[in-house]
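File shown: final13.tsv. Contents: TSV, C-alpha atoms.
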chain	number	residue	atom	x	y	z
A	1160	MET	CA	-10.19	-46.88	-16.83
A	1161	ASN	CA	-11.15	-43.72	-14.88
A	1162	LEU	CA	-14.77	-44.85	-15.07
A	1163	VAL	CA	-13.82	-48.23	-13.65
A	1164	PHE	CA	-11.93	-46.65	-10.74
A	1165	LYS	CA	-14.86	-44.39	-10.04
A	1166	ALA	CA	-17.31	-47.28	-10.17
A	1167	LEU	CA	-15.22	-49.37	-7.79
A	1168	SER	CA	-14.60	-46.53	-5.35
A	1169	ASP	CA	-18.07	-46.79	-3.80
A	1170	PRO	CA	-18.81	-49.60	-1.30
A	1171	THR	CA	-22.45	-49.83	-2.41
A	1172	ARG	CA	-21.46	-50.40	-6.01
A	1173	ARG	CA	-18.85	-52.94	-4.95
A	1174	ARG	CA	-21.51	-54.80	-2.99
A	1175	VAL	CA	-23.76	-54.77	-6.06
A	1176	LEU	CA	-20.99	-56.37	-8.07
A	1177	GLU	CA	-20.40	-59.01	-5.38
A	1178	LEU	CA	-24.11	-59.87	-5.44
A	1179	LEU	CA	-24.16	-60.10	-9.23
A	1180	LYS	CA	-21.14	-62.41	-9.18
A	1181	VAL	CA	-23.38	-65.03	-7.64
A	1182	ARG	CA	-26.18	-64.71	-10.21
A	1183	PRO	CA	-27.95	-62.12	-12.39
A	1184	MET	CA	-30.55	-60.18	-10.41
A	1185	ASN	CA	-33.31	-57.75	-11.23
A	1186	ALA	CA	-33.41	-54.17	-10.00
A	1187	GLY	CA	-35.91	-54.92	-7.25
A	1188	GLU	CA	-33.86	-57.79	-5.80
A	1189	LEU	CA	-30.75	-55.62	-5.75
A	1190	ALA	CA	-32.52	-52.62	-4.20
A	1191	ALA	CA	-33.87	-54.83	-1.41
A	1192	GLU	CA	-30.29	-55.55	-0.31
A	1193	PHE	CA	-29.61	-51.87	0.46
A	1194	SER	CA	-31.22	-49.21	2.61
A	1195	VAL	CA	-31.07	-46.48	-0.02
A	1196	SER	CA	-33.77	-45.02	-2.21
A	1197	LYS	CA	-34.57	-46.44	-5.63
A	1198	PRO	CA	-33.40	-43.32	-7.48
A	1199	THR	CA	-30.04	-43.61	-5.69
A	1200	MET	CA	-29.78	-47.26	-6.66
A	1201	SER	CA	-30.64	-46.39	-10.25
A	1202	ALA	CA	-27.83	-43.87	-10.23
A	1203	HIS	CA	-25.42	-46.51	-8.94
A	1204	PHE	CA	-26.54	-48.88	-11.72
A	1205	ALA	CA	-25.95	-46.11	-14.25
A	1206	VAL	CA	-22.39	-45.58	-13.01
A	1207	LEU	CA	-21.69	-49.30	-13.23
A	1208	ARG	CA	-23.20	-49.52	-16.72
A	1209	GLU	CA	-21.20	-46.53	-17.89
A	1210	ALA	CA	-18.03	-48.27	-16.70
A	1211	ARG	CA	-19.15	-51.39	-18.59
A	1212	LEU	CA	-19.03	-53.48	-15.44
A	1213	ILE	CA	-22.64	-54.63	-15.72
A	1214	VAL	CA	-25.15	-55.04	-18.53
A	1215	SER	CA	-28.90	-54.76	-18.28
A	1216	GLU	CA	-31.70	-56.40	-20.18
A	1217	LYS	CA	-35.42	-55.88	-19.99
A	1218	HIS	CA	-37.33	-59.06	-19.12
A	1219	GLY	CA	-41.06	-58.56	-18.97
A	1220	ASN	CA	-41.69	-55.73	-16.52
A	1221	SER	CA	-38.31	-55.89	-14.83
A	1222	ILE	CA	-34.74	-55.03	-15.71
A	1223	VAL	CA	-32.21	-57.78	-15.08
A	1224	TYR	CA	-28.60	-56.90	-14.40
A	1225	GLN	CA	-25.67	-59.19	-15.20
A	1226	ILE	CA	-22.05	-58.76	-14.22
A	1227	GLN	CA	-19.48	-58.20	-16.95
A	1228	LEU	CA	-16.06	-57.95	-15.30
A	1229	SER	CA	-12.80	-58.68	-17.02
A	1230	VAL	CA	-10.16	-60.54	-15.03
A	1231	LEU	CA	-8.29	-57.29	-14.42
A	1232	GLU	CA	-11.45	-55.56	-13.22
A	1233	GLU	CA	-12.27	-58.47	-10.94
A	1234	ALA	CA	-8.78	-58.24	-9.47
A	1235	MET	CA	-9.29	-54.49	-8.96
A	1236	LEU	CA	-12.62	-55.20	-7.24
A	1237	GLY	CA	-10.92	-57.61	-4.87
A	1238	PHE	CA	-8.17	-55.07	-4.20
A	1239	ALA	CA	-10.72	-52.33	-3.57
A	1240	GLN	CA	-12.69	-54.57	-1.20
A	1241	ALA	CA	-9.57	-55.58	0.68
A	1242	PHE	CA	-8.26	-52.04	1.10
A	1243	GLY	CA	-11.59	-50.24	1.31
A	1244	TRP	CA	-11.33	-47.70	-1.52
A	1245	ASP	CA	-13.62	-44.75	-0.95
A	1246	LEU	CA	-14.06	-41.29	-2.37
A	1247	GLN	CA	-12.45	-38.54	-0.30
A	1248	THR	CA	-15.68	-36.54	-0.46
A	1249	GLY	CA	-17.01	-38.88	2.21
A	1250	GLN	CA	-20.21	-39.68	0.35
A	1251	ALA	CA	-20.95	-41.88	-2.57
A	1252	ASP	CA	-20.67	-40.22	-5.95
A	1253	THR	CA	-23.78	-41.41	-7.74
A	1254	GLN	CA	-23.60	-39.13	-10.75
A	1255	PRO	CA	-22.59	-40.79	-14.01
A	1256	SER	CA	-19.60	-39.22	-15.68
A	1257	SER	CA	-18.87	-36.84	-12.79
A	1258	LYS	CA	-15.19	-36.67	-11.94
A	1259	PRO	CA	-14.28	-38.00	-8.46
A	1260	LYS	CA	-12.15	-35.54	-6.54
A	1261	ALA	CA	-9.77	-38.16	-5.20
A	1262	ILE	CA	-9.55	-41.75	-4.25
A	1263	ARG	CA	-8.00	-42.62	-0.92
A	1264	PRO	CA	-6.93	-46.14	-0.03
B	46	MET	CA	-33.22	-50.06	-20.44
B	47	THR	CA	-31.46	-52.42	-22.85
B	48	GLU	CA	-27.89	-52.03	-24.02
B	49	PRO	CA	-27.33	-50.23	-27.33
B	50	LYS	CA	-27.12	-52.56	-30.32
B	51	ARG	CA	-23.38	-52.57	-30.96
B	52	LEU	CA	-20.46	-54.94	-30.55
B	53	PRO	CA	-19.07	-54.92	-27.02
B	54	TYR	CA	-15.79	-53.00	-27.00
B	55	PRO	CA	-13.55	-55.99	-26.14
B	56	VAL	CA	-14.00	-57.26	-29.68
B	57	THR	CA	-12.18	-54.25	-31.14
B	58	THR	CA	-9.43	-54.41	-28.52
B	59	LEU	CA	-8.94	-58.12	-29.06
B	60	SER	CA	-8.90	-57.84	-32.83
B	61	VAL	CA	-6.28	-55.09	-32.67
B	62	THR	CA	-4.20	-57.11	-30.21
B	63	ALA	CA	-4.41	-60.23	-32.36
B	64	GLY	CA	-3.43	-58.22	-35.42
B	65	LEU	CA	-0.45	-56.68	-33.65
B	66	VAL	CA	0.69	-60.10	-32.42
B	67	VAL	CA	0.54	-61.52	-35.94
B	68	ILE	CA	2.48	-58.55	-37.31
B	69	ALA	CA	5.03	-58.85	-34.50
B	70	VAL	CA	5.50	-62.58	-35.00
B	71	VAL	CA	5.89	-62.27	-38.77
B	72	GLY	CA	8.22	-59.30	-38.40
B	73	LEU	CA	10.34	-61.03	-35.79
B	74	ALA	CA	10.54	-64.18	-37.91
B	75	ALA	CA	11.67	-62.14	-40.90
B	76	ALA	CA	14.18	-60.23	-38.78
B	77	GLY	CA	15.55	-63.47	-37.35
B	78	ASN	CA	15.82	-65.19	-40.72
B	79	THR	CA	17.56	-62.24	-42.33
B	80	GLY	CA	19.98	-61.81	-39.46
B	81	VAL	CA	18.73	-58.40	-38.35
B	82	ILE	CA	18.36	-59.84	-34.88
B	83	ASP	CA	19.53	-63.09	-33.33
B	84	ASN	CA	17.25	-65.99	-34.26
B	85	GLU	CA	16.90	-67.11	-30.66
B	86	LEU	CA	15.93	-63.62	-29.56
B	87	ALA	CA	13.32	-63.50	-32.31
B	88	LYS	CA	11.82	-66.81	-31.13
B	89	ARG	CA	11.68	-65.69	-27.51
B	90	ALA	CA	10.12	-62.35	-28.43
B	91	SER	CA	7.51	-64.13	-30.56
B	92	GLY	CA	6.74	-66.42	-27.64
B	93	VAL	CA	6.22	-63.42	-25.39
B	94	ALA	CA	3.81	-61.96	-27.95
B	95	TRP	CA	1.76	-65.17	-27.98
B	96	GLY	CA	1.68	-65.11	-24.18
B	97	VAL	CA	0.37	-61.55	-24.23
B	98	LEU	CA	-2.37	-62.61	-26.65
B	99	LEU	CA	-3.38	-65.49	-24.37
B	100	MET	CA	-3.53	-63.12	-21.40
B	101	MET	CA	-5.69	-60.63	-23.33
B	102	LEU	CA	-8.09	-63.37	-24.43
B	103	GLY	CA	-8.35	-64.62	-20.86
B	104	ASN	CA	-8.83	-61.12	-19.48
B	105	PHE	CA	-11.76	-60.35	-21.76
B	106	LEU	CA	-13.38	-63.81	-21.81
B	107	PRO	CA	-15.73	-62.99	-18.90
B	108	LYS	CA	-16.58	-59.68	-20.62
B	109	VAL	CA	-18.42	-61.44	-23.42
B	110	ALA	CA	-20.82	-63.20	-21.09
B	111	ARG	CA	-23.73	-65.21	-22.39
B	112	PRO	CA	-26.82	-62.99	-22.40
B	113	PHE	CA	-29.14	-63.70	-19.49
B	114	GLY	CA	-31.86	-66.17	-20.38
B	115	ALA	CA	-30.16	-67.26	-23.60
B	116	PRO	CA	-30.56	-70.98	-24.33
B	117	GLY	CA	-27.76	-73.45	-23.78
B	118	GLY	CA	-26.45	-72.30	-20.44
B	119	SER	CA	-26.50	-73.75	-16.96
B	120	ALA	CA	-26.09	-72.59	-13.41
B	121	GLY	CA	-22.32	-72.77	-13.59
B	122	THR	CA	-21.73	-71.29	-17.06
B	123	ALA	CA	-20.89	-67.77	-15.91
B	124	ALA	CA	-18.65	-69.00	-13.09
B	125	ALA	CA	-16.91	-71.42	-15.48
B	126	GLU	CA	-16.19	-68.68	-17.98
B	127	ARG	CA	-14.93	-66.35	-15.27
B	128	LEU	CA	-12.62	-69.05	-13.91
B	129	ALA	CA	-11.47	-69.92	-17.43
B	130	GLY	CA	-10.51	-66.28	-17.87
B	131	TRP	CA	-8.30	-66.42	-14.80
B	132	ILE	CA	-6.76	-69.69	-15.99
B	133	PHE	CA	-5.81	-68.18	-19.35
B	134	VAL	CA	-4.39	-65.01	-17.78
B	135	LEU	CA	-2.23	-66.97	-15.34
B	136	ALA	CA	-1.21	-69.43	-18.05
B	137	GLY	CA	-0.26	-66.51	-20.26
B	138	MET	CA	2.06	-65.27	-17.53
B	139	GLY	CA	3.55	-68.76	-17.27
B	140	TYR	CA	3.86	-68.92	-21.06
B	141	ILE	CA	5.82	-65.66	-21.10
B	142	ALA	CA	7.97	-66.79	-18.17
B	143	ALA	CA	8.78	-70.06	-19.97
B	144	TRP	CA	9.95	-68.20	-23.05
B	145	LEU	CA	12.03	-65.77	-21.01
B	146	LEU	CA	13.58	-68.24	-18.58
B	147	ALA	CA	13.61	-71.74	-20.08
B	148	PRO	CA	16.75	-73.02	-21.83
B	149	GLU	CA	16.80	-72.56	-25.59
B	150	THR	CA	15.96	-76.14	-26.44
B	151	TYR	CA	13.00	-76.37	-24.07
B	152	GLY	CA	11.30	-73.01	-24.49
B	153	MET	CA	8.80	-74.07	-27.15
B	154	LEU	CA	8.05	-77.41	-25.48
B	155	VAL	CA	7.45	-76.02	-22.00
B	156	SER	CA	5.43	-73.03	-23.19
B	157	SER	CA	3.26	-75.17	-25.48
B	158	LEU	CA	2.53	-77.57	-22.62
B	159	ILE	CA	1.55	-74.61	-20.43
B	160	GLY	CA	-0.73	-73.20	-23.14
B	161	LEU	CA	-2.42	-76.50	-23.95
B	162	GLY	CA	-2.64	-77.30	-20.25
B	163	ALA	CA	-4.58	-74.08	-19.74
B	164	PHE	CA	-7.14	-75.13	-22.34
B	165	ALA	CA	-7.44	-78.58	-20.76
B	166	ALA	CA	-7.92	-77.02	-17.32
B	167	ALA	CA	-10.52	-74.57	-18.62
B	168	ILE	CA	-12.48	-77.39	-20.28
B	169	LEU	CA	-12.36	-79.50	-17.13
B	170	VAL	CA	-13.50	-76.57	-15.01
B	171	TRP	CA	-16.35	-75.89	-17.43
B	172	LEU	CA	-17.43	-79.54	-17.41
B	173	TRP	CA	-17.34	-79.63	-13.62
B	174	LEU	CA	-19.21	-76.39	-12.99
B	175	THR	CA	-21.90	-77.07	-15.62
B	176	ARG	CA	-22.38	-80.73	-14.74
B	177	ASP	CA	-25.94	-80.23	-13.52
B	178	GLY	CA	-26.97	-79.55	-17.09
B	179	SER	CA	-30.06	-77.57	-16.14
B	180	ASP	CA	-30.68	-74.04	-17.29
B	181	ARG	CA	-31.54	-72.15	-14.14
B	182	ASP	CA	-32.26	-68.94	-16.02
B	183	GLU	CA	-35.85	-67.86	-16.40
B	184	ALA	CA	-37.54	-68.50	-19.70
B	185	ASP	CA	-36.64	-65.79	-22.15
B	186	ALA	CA	-39.32	-63.15	-21.69
B	187	GLY	CA	-37.28	-60.25	-23.03
B	188	GLY	CA	-37.29	-58.46	-26.34
B	189	PRO	CA	-35.04	-59.07	-29.35
B	190	ARG	CA	-31.42	-59.59	-28.33
B	191	PRO	CA	-28.72	-57.21	-29.47
B	192	LYS	CA	-26.87	-58.98	-32.29
B	193	GLY	CA	-23.54	-57.93	-30.82
B	194	ALA	CA	-24.10	-60.05	-27.72
B	195	PHE	CA	-23.56	-63.33	-29.55
B	196	ALA	CA	-21.21	-61.99	-32.21
B	197	ALA	CA	-18.62	-61.12	-29.57
B	198	ARG	CA	-18.82	-64.62	-28.12
B	199	ARG	CA	-18.38	-66.18	-31.56
B	200	ILE	CA	-15.33	-64.02	-32.26
B	201	MET	CA	-13.84	-64.86	-28.88
B	202	PHE	CA	-14.44	-68.57	-29.51
B	203	VAL	CA	-12.79	-68.46	-32.94
B	204	MET	CA	-9.76	-66.64	-31.51
B	205	LEU	CA	-9.37	-69.13	-28.66
B	206	HIS	CA	-9.72	-71.97	-31.16
B	207	ALA	CA	-6.96	-70.50	-33.34
B	208	VAL	CA	-4.64	-70.00	-30.36
B	209	PHE	CA	-5.25	-73.60	-29.25
B	210	TRP	CA	-4.26	-74.93	-32.68
B	211	SER	CA	-1.19	-72.67	-32.69
B	212	PHE	CA	-0.02	-74.13	-29.39
B	213	ALA	CA	-0.65	-77.64	-30.73
B	214	MET	CA	1.47	-76.88	-33.80
B	215	PHE	CA	4.25	-75.43	-31.64
B	216	LEU	CA	4.21	-78.59	-29.51
B	217	ALA	CA	4.25	-80.80	-32.58
B	218	ALA	CA	7.13	-78.81	-34.02
B	219	SER	CA	9.15	-79.19	-30.83
B	220	LEU	CA	8.48	-82.95	-30.59
B	221	TRP	CA	8.52	-84.06	-34.23
B	222	GLN	CA	10.30	-81.14	-35.85
B	223	ALA	CA	8.59	-79.61	-38.87
B	224	LYS	CA	7.30	-82.80	-40.48
B	225	ILE	CA	3.81	-82.77	-39.04
B	226	VAL	CA	3.25	-79.02	-38.84
B	227	PRO	CA	2.11	-78.51	-42.48
B	228	TRP	CA	-0.54	-81.21	-42.00
B	229	LEU	CA	-1.70	-79.58	-38.80
B	230	ALA	CA	-1.87	-76.23	-40.58
B	231	VAL	CA	-4.09	-77.75	-43.28
B	232	ALA	CA	-6.29	-79.41	-40.66
B	233	PHE	CA	-6.58	-76.14	-38.72
B	234	THR	CA	-7.61	-74.24	-41.86
B	235	LEU	CA	-10.31	-76.80	-42.69
B	236	VAL	CA	-11.65	-77.06	-39.15
B	237	ASN	CA	-11.63	-73.33	-38.55
B	238	SER	CA	-13.35	-72.64	-41.86
B	239	GLY	CA	-16.07	-75.16	-41.06
B	240	LEU	CA	-16.42	-73.74	-37.56
B	241	ALA	CA	-16.73	-70.18	-38.89
B	242	VAL	CA	-19.46	-71.25	-41.34
B	243	CYS	CA	-21.42	-73.02	-38.58
B	244	LEU	CA	-21.12	-70.04	-36.25
B	245	VAL	CA	-22.22	-67.57	-38.90
B	246	LYS	CA	-25.21	-69.77	-39.84
B	247	SER	CA	-26.23	-70.18	-36.18
B	248	GLY	CA	-25.83	-66.45	-35.69
B	249	ARG	CA	-28.41	-65.70	-38.37
B	250	LYS	CA	-31.06	-67.42	-36.26
B	251	LEU	CA	-30.55	-65.04	-33.32
Could you quickly redo this structure as structure tokens?
Amino acid sequence: MNLVFKALSDPTRRRVLELLKVRPMNAGELAAEFSVSKPTMSAHFAVLREARLIVSEKHGNSIVYQIQLSVLEEAMLGFAQAFGWDLQTGQADTQPSSKPKAIRP
Amino acid sequence: MTEPKRLPYPVTTLSVTAGLVVIAVVGLAAAGNTGVIDNELAKRASGVAWGVLLMMLGNFLPKVARPFGAPGGSAGTAAAERLAGWIFVLAGMGYIAAWLLAPETYGMLVSSLIGLGAFAAAILVWLWLTRDGSDRDEADAGGPRPKGAFAARRIMFVMLHAVFWSFAMFLAASLWQAKIVPWLAVAFTLVNSGLAVCLVKSGRKL
């Protein structure tokens, strides 16, 4: 559950999940929605995969991501979006398995 | 990077939950019949356990999503399964509330109607959201699929099927007493066995 909280605490990752709720998308399509570098986006994907919120599958030359939220996790996503969860460090934590210092509402 | 070839974790959680519910129901029935606890309390506690199982199944239903590009889906399949998950979770809460709050004579009837109503609603939602019938996913250009991807869906389907039949038997018991329940139990065993065989055979092709 800590991994889920950490994954949902970043607004970029929450936006990724909102996009994937509409349809599965490949890495390029997702990266085009954000003004961050591809390595940063890859790190975000890794955090979401580690929390088991998305799954990835290789299709040809691209990797396709699909959302995999339980009802509880979807409710937490909505709660986080509504109340703007963010890490207290003030910048997105893009390292998989690194412990967030705190989560502020 | 593809996912590792293993069963998604909800399968283990669901299997453990289902096992605990069965143990709880059997234990409560035995305790009620032997007078260890009041029979009515045993029935209500069993009902709560079934409601918890329905909520768990609904919670994890969207977690066992159909693999992208797999045949047989449509544009609304993922949305339908996500909505069905919410329906089962909310119905599970209603099922528990019915067992806790309804009068003794109506607990099984009301809760069974809620449970069966949830399945009807989920089917209607699925039919509505997948009505276009077209598979919008790209043609499958990926590598071999992890076997766990479809195994989890089959297990989820079998569990939901068993819960549906249980609610039907509870409803039949409350309406027609115990006369029809043994026949329903036989029918459930036959149908579920046939279903399991078909699912296993179809799984070997993937």
Select, as a ChimeraX atom specification, those residues of chain A with any atom no more than 9 Å from chain B (distances computed using all atoms listed in the file). /A:1180-1183,1211-1212,1214-1219,1222-1232
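One distance worth recording is that between CA of Thr150 in chain B and CA of Ala63 in chain B, which is 26.5 Å.
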I'd like to know which of B:Val203, B:Leu244, B:Leu99, B:Ala217 is closest to Ala163 in chain B, using only C-alpha atoms.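 With only C-alpha atoms as the atom set, the closest residue is B:Leu99.
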State, in Å with one decimal place, the distance from CA of Ala143 in chain B to CA of Lys88 in chain B. 12.0 Å
Using all atoms of range 1161-1164 of chain A listed in the file and a margin of 6 Å per side, can you give the axis-aligned box centre and edge lengths in Å to one decimal, as AutoDock Vina command-line options?
--center_x -13.0 --center_y -46.0 --center_z -12.9 --size_x 15.6 --size_y 16.5 --size_z 16.3
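CA of Met1200 in chain A to CA of Glu1177 in chain A spans 15.1 Å [interatomic distance, one decimal].
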Choose the residue, out of A:Leu1176, A:Ala1241, A:Ala1191, A:Met1160, that has the smallest atom-to-atom separation from Leu1207 in chain A; count only C-alpha atoms. A:Leu1176
Report as an mmCIF file with C-alpha atoms, in the frame of the given file all protein, DNA and RNA residues lying within 8 Å of Val97 in chain B, evaluated on all atoms listed in the file, omitting residues in the same chain fewer than 3 positions from it.
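Below is the file out.cif, written as the result:
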data_model
loop_
_atom_site.group_PDB
_atom_site.id
_atom_site.type_symbol
_atom_site.label_atom_id
_atom_site.label_comp_id
_atom_site.auth_asym_id
_atom_site.auth_seq_id
_atom_site.Cartn_x
_atom_site.Cartn_y
_atom_site.Cartn_z
ATOM 1 C CA VAL B 93 6.220 -63.420 -25.390
ATOM 2 C CA ALA B 94 3.810 -61.960 -27.950
ATOM 3 C CA MET B 100 -3.530 -63.120 -21.400
ATOM 4 C CA MET B 101 -5.690 -60.630 -23.330
ATOM 5 C CA GLY B 137 -0.260 -66.510 -20.260
ATOM 6 C CA MET B 138 2.060 -65.270 -17.530
ATOM 7 C CA ILE B 141 5.820 -65.660 -21.100
#
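Residues in contact with Tyr140 in chain B at 7 Å, where only C-alpha atoms are counted and same-chain residues fewer than 2 positions away are skipped, are listed as Gly96, Ala136, Gly137, Met138, Ala142, Ala143, Trp144, Ser156, Ile159 and Gly160 of chain B.
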